[in-house]
Amino acid sequence: MRSQSKVVVIGGGVAGCSILYHLTKLGWSDVTLVEENELTSGSTWHAAGLCTQMISSWNLMKVLQYSLELFNTLEAETGQAVDFHACGSLRIGTSQDRVDEFHNRKGIAETLGLPFEVITPDRARELHPLANFDDAKAIAYIPTDGYVDPTGVTHALAKGATSRGAEINRNTSVKAIERSGDSWIVKTDKGDIRADVVVNAAGQWARQIGRMVGLELPIIPLEHHYLITEPLKVVQDLEVELPVLRDPDCSYYIREEGGGLLVGPFERNTVAWAVDGIPENFHSSLLEPAMERLEESLAGCAERVPAFADAPIRTIVNGPDGYTPDGHCLMGAAPGLKNFHVLAGFSIFGIVFSGGAGKYGAEWIIDGQPSDNMWELDVRRFDDYASSATYVVARGTEIYEREYAIHYPEEELPAGRPLKTGPLYDKLLAKGAVYGARFGWERPLWFAKQGPAEDEYSFRRSNWHDAVGEECRAVRSSLGVLDQSSFAKYQVSGPGAERFLDTLCANKLPKSTGRISLTQMCTPRGGIECDITVTKLGENHYYLVSAAATELHDYAWIERHLPEDGSVRLENTTSRVATLTLAGPHSRDLLQAQTDTDISNQAFRFFRCRDLRVGMAPVRTLRVSFVGELGYELHHPMEYQRYLYDLLMQEGEQYGIVDWGYRALDSMRLEKAYRLWGSDMSADWTPLEAGMERFVDFNKGDFIGRDALLRQKEAGVERTLSCLVIDAKDADARGFEPIFANGEAIAYAASGGYGHTLQKSIAFSYLPVAHSEPGTELEVAILGEKRAATVVEQPLYDAKNERLLG
């Protein structure tokens, strides 16, 4: 066994072998994999091997698409059989919402060139003559889907990796992982391996491996069953193989296996297993079946596919799989641990995700970032709040039970909530607040003035549409207050703080105390890694604010670049500092009446910060606005928030002050063409492409990404973030809807929604420059219907910023 290796991958399942394979494919041959038992002996060996490409995200559909492309070529490359069956897949829709979902996913597929059809029951019967489709309104059909042999794929990946120089050590147990200078020491029962990079790809063991380096990963094993029948004549007599069939209403999948049928339910009452740790020597092992939990799904299967009703059962599999709180894997560089990466927690879909995830995970190691936006899989999307077993079990079982539920846009699930709440949680709840969660924080989405205070989900405009419109109009015409305590907030200080931040930020830093800069932090390729405001509090003392969802993501990026000489201190103050956002034309009137400090426009201009006493509360007041109105962010110690809120509501009554939520915020920011990180901005796009060049200072000296941005500036951008107004009728673009020019798909919507003030449906998209001129006529496919769209000048609202700066 090697005593030194550039990369050590821990775990010999399909994930570990995939990232090993892709590291060698990208040219790194000095890579080693260690597996405690045999390859595939964890969850991989008992996987059903399903391969579908239907998912609600453009980026993740691309991951799945690459996996299937790989499975189609892997056998020819390595000589190892993978037994990929491209038999296609069918998914039954019995409601209009389900049909809407199909058309939504079809739109994503269209931009990727992925075959995806919404077919009739008659066509489905031709493809699957054993199933009953009488109750179906429509069926989703993906002809390139299918299933694969998980063991074959894993061994093919392993063979491909070793043929290019990788080493695989079976029956090698990791006992400890220690940091030694710039390296890791992986201590095994066969000796130590010094490595530059360690990858935790240990599947359901990943939580235990992570604890060796102080990393608490939110992964818990859940039980999953499938059954295999004896060979059936009705199956063997078929001339072509049946497509994989999924019946969402009864929550199961069914496919051919060995001349019989394989049925896998996602029952409503699955259970977690080995919450305190996987038992020793649990390899190539299964759990006792719990057939009573499966009865409802199996009865539905027998009605849908009568051949299954009396089929003798040959095999029952109950195998555990590691689940995360959102059902997606954990990928990328672990925060606070130099060169320690994760690729684990695929739920039961590790096989179909493995190819693409291994590719992007390997890119992350070699290039410092993946070639496409993998934020939805980024390990930094969770923090300590998600590490408790109770939380992961609650969230994981909810995700499992809802595997075949309709997944709506803007959906908020209840498990594991409320968890992190601010001082106003109960007060706003009593006033009709409907909450959503980001990074564990409860945040008001909208306020129900009448009717039940709950979301009714739809792909079309739903029950909150009118209420959100009222909130927007109230803020635009008078005054509103929003609890934004979930903002991520950091302090950067020390003798090296200014020099340090200047190398991270693309924009110039504020030069004098009390000034604010909006800036992006870029990757070496020029992509937008972070989007933050930087406020100068004093000499070498800065206050940074970013989005709630990116609290750990942005902190980890800043921490990763800290100088080793201790000249810069980074502190996360999120949980100690609350924030109320006051916005609207009367916001200054209300605030001035509660402070003795002059906050007139001349004394307190836009993008300035002042420490005020508002009533009796100390408030760091930032004059900024994400809705395009006169507005202020009131940052204050958490313990003052109830007092401050009550004061503002009481004194603001004369102006008709209202509570408003994040859905109104999103509507108004669309009207102002304000970009949102994660949809309109990401590491995939540069500030130049995002139309944010005014926030890049090329004259201030070197900063991360400067050279790449200069090259792009000289060459010119190929795509630019454009604003479209859509004839959207009763449904708006939410993200990933395909955009057409002369019948050809040229882009997809980055984000979108309804602008209540302007009464227009709005979307942003990175359009080819040739199609980005205002007045250009395009089409956007929303729920299967092409709608007329026009590229417009941005912003649509208050283009001269008279309301914002007044």
# chains A, B, ... in the order shown; residues from 1 in each chain; ligands from 1
$ select_by_dssp --residues "segment 415-501 of chain A" --states "strand (DSSP E or B)" --output "number ranges by chain"
A: 420, 433-438, 441-447, 480-483, 488-493
$ residues_around --residues "Ser517 of chain A" --least-positions-apart "3" --cutoff "10 Å" --atoms "only C-alpha atoms" --output "number ranges by chain"
A: 505, 507-511, 520, 532-536, 544, 607-608, 695
$ residues_around --residues "Leu215 of chain A" --least-positions-apart "6" --cutoff "9 Å" --atoms "only C-alpha atoms" --output "NGL selection string"
:A and (207 or 209 or 334-335 or 337)
$ residues_around --residues "Val717 of chain A" --least-positions-apart "4" --cutoff "12 Å" --atoms "only C-alpha atoms" --output "list in words"
Trp685, Thr686, Pro687, Leu688, Glu689, Ala690, Gly691, Glu693, Ala708, Leu709, Leu710, Arg711, Gln712, Lys713, Leu721, Tyr766, Leu767, Pro768, Val769, Ala770 and Ser772 of chain A
$ write_last_selection --atoms "C-alpha atoms" --output "compact mmCIF listing (two decimals), in the first residue's frame"
# COMPACT_ATOMS: atom_id res chain seq x y z
CA TRP A 685 -21.56 33.74 -14.16
CA THR A 686 -19.26 36.73 -13.86
CA PRO A 687 -20.24 40.24 -12.76
CA LEU A 688 -19.81 41.31 -16.39
CA GLU A 689 -22.31 38.73 -17.62
CA ALA A 690 -24.65 39.56 -14.74
CA GLY A 691 -24.71 43.24 -15.71
CA GLU A 693 -19.64 45.59 -14.08
CA ALA A 708 -10.18 36.42 -15.79
CA LEU A 709 -12.53 39.41 -15.77
CA LEU A 710 -10.05 41.53 -17.70
CA ARG A 711 -9.78 38.83 -20.35
CA GLN A 712 -13.56 38.62 -20.58
CA LYS A 713 -13.89 42.39 -20.75
CA LEU A 721 -28.51 38.80 -17.81
CA TYR A 766 -28.77 34.92 -19.46
CA LEU A 767 -29.59 35.50 -23.11
CA PRO A 768 -27.13 35.34 -25.99
CA VAL A 769 -26.05 38.92 -26.68
CA ALA A 770 -27.65 38.80 -30.13
CA SER A 772 -30.61 40.72 -25.56
$ select_by_dssp --residues "segment 386-439 of chain A" --states "helix (DSSP H, G or I)" --output "PDB file with N, CA and C atoms, in the first residue's frame"
ATOM      1  N   ALA A 386     -28.239  21.629  11.491  1.00  0.00           N
ATOM      2  CA  ALA A 386     -28.742  20.420  10.837  1.00  0.00           C
ATOM      3  C   ALA A 386     -28.028  19.163  11.291  1.00  0.00           C
ATOM      4  N   ALA A 389     -29.192  14.336  15.206  1.00  0.00           N
ATOM      5  CA  ALA A 389     -29.841  13.162  14.615  1.00  0.00           C
ATOM      6  C   ALA A 389     -31.351  13.347  14.558  1.00  0.00           C
ATOM      7  N   THR A 390     -31.921  14.006  15.569  1.00  0.00           N
ATOM      8  CA  THR A 390     -33.369  14.221  15.596  1.00  0.00           C
ATOM      9  C   THR A 390     -33.813  15.028  14.378  1.00  0.00           C
ATOM     10  N   TYR A 391     -33.040  16.059  14.050  1.00  0.00           N
ATOM     11  CA  TYR A 391     -33.377  16.897  12.895  1.00  0.00           C
ATOM     12  C   TYR A 391     -33.245  16.107  11.597  1.00  0.00           C
ATOM     13  N   VAL A 392     -32.141  15.408  11.436  1.00  0.00           N
ATOM     14  CA  VAL A 392     -31.904  14.697  10.174  1.00  0.00           C
ATOM     15  C   VAL A 392     -32.932  13.587   9.982  1.00  0.00           C
ATOM     16  N   VAL A 393     -33.290  12.894  11.066  1.00  0.00           N
ATOM     17  CA  VAL A 393     -34.306  11.848  10.956  1.00  0.00           C
ATOM     18  C   VAL A 393     -35.643  12.443  10.531  1.00  0.00           C
ATOM     19  N   ALA A 394     -36.032  13.553  11.178  1.00  0.00           N
ATOM     20  CA  ALA A 394     -37.314  14.184  10.839  1.00  0.00           C
ATOM     21  C   ALA A 394     -37.343  14.633   9.384  1.00  0.00           C
ATOM     22  N   ARG A 395     -36.287  15.308   8.957  1.00  0.00           N
ATOM     23  CA  ARG A 395     -36.244  15.795   7.585  1.00  0.00           C
ATOM     24  C   ARG A 395     -36.075  14.653   6.580  1.00  0.00           C
ATOM     25  N   GLY A 396     -35.186  13.718   6.908  1.00  0.00           N
ATOM     26  CA  GLY A 396     -34.917  12.626   5.982  1.00  0.00           C
ATOM     27  C   GLY A 396     -36.130  11.751   5.737  1.00  0.00           C
ATOM     28  N   THR A 397     -36.863  11.405   6.794  1.00  0.00           N
ATOM     29  CA  THR A 397     -38.052  10.574   6.609  1.00  0.00           C
ATOM     30  C   THR A 397     -39.130  11.326   5.840  1.00  0.00           C
ATOM     31  N   GLU A 398     -39.226  12.632   6.059  1.00  0.00           N
ATOM     32  CA  GLU A 398     -40.186  13.426   5.290  1.00  0.00           C
ATOM     33  C   GLU A 398     -39.837  13.390   3.806  1.00  0.00           C
ATOM     34  N   ILE A 399     -38.559  13.552   3.486  1.00  0.00           N
ATOM     35  CA  ILE A 399     -38.125  13.512   2.085  1.00  0.00           C
ATOM     36  C   ILE A 399     -38.392  12.138   1.489  1.00  0.00           C
ATOM     37  N   TYR A 400     -38.099  11.102   2.250  1.00  0.00           N
ATOM     38  CA  TYR A 400     -38.320   9.728   1.768  1.00  0.00           C
ATOM     39  C   TYR A 400     -39.799   9.498   1.446  1.00  0.00           C
ATOM     40  N   GLU A 401     -40.662   9.837   2.373  1.00  0.00           N
ATOM     41  CA  GLU A 401     -42.096   9.599   2.198  1.00  0.00           C
ATOM     42  C   GLU A 401     -42.676  10.419   1.048  1.00  0.00           C
ATOM     43  N   TYR A 425     -41.101  35.845  16.386  1.00  0.00           N
ATOM     44  CA  TYR A 425     -41.747  34.705  15.746  1.00  0.00           C
ATOM     45  C   TYR A 425     -43.204  34.551  16.171  1.00  0.00           C
ATOM     46  N   ASP A 426     -43.448  34.470  17.460  1.00  0.00           N
ATOM     47  CA  ASP A 426     -44.819  34.241  17.929  1.00  0.00           C
ATOM     48  C   ASP A 426     -45.713  35.443  17.670  1.00  0.00           C
ATOM     49  N   LYS A 427     -45.136  36.633  17.766  1.00  0.00           N
ATOM     50  CA  LYS A 427     -45.921  37.856  17.557  1.00  0.00           C
ATOM     51  C   LYS A 427     -46.411  37.936  16.101  1.00  0.00           C
ATOM     52  N   LEU A 428     -45.519  37.633  15.155  1.00  0.00           N
ATOM     53  CA  LEU A 428     -45.908  37.689  13.739  1.00  0.00           C
ATOM     54  C   LEU A 428     -46.819  36.525  13.380  1.00  0.00           C
ATOM     55  N   LEU A 429     -46.600  35.383  14.007  1.00  0.00           N
ATOM     56  CA  LEU A 429     -47.466  34.228  13.763  1.00  0.00           C
ATOM     57  C   LEU A 429     -48.914  34.581  14.127  1.00  0.00           C
ATOM     58  N   ALA A 430     -49.074  35.288  15.231  1.00  0.00           N
ATOM     59  CA  ALA A 430     -50.415  35.683  15.663  1.00  0.00           C
ATOM     60  C   ALA A 430     -51.047  36.703  14.724  1.00  0.00           C
TER      61      ALA A 430
END
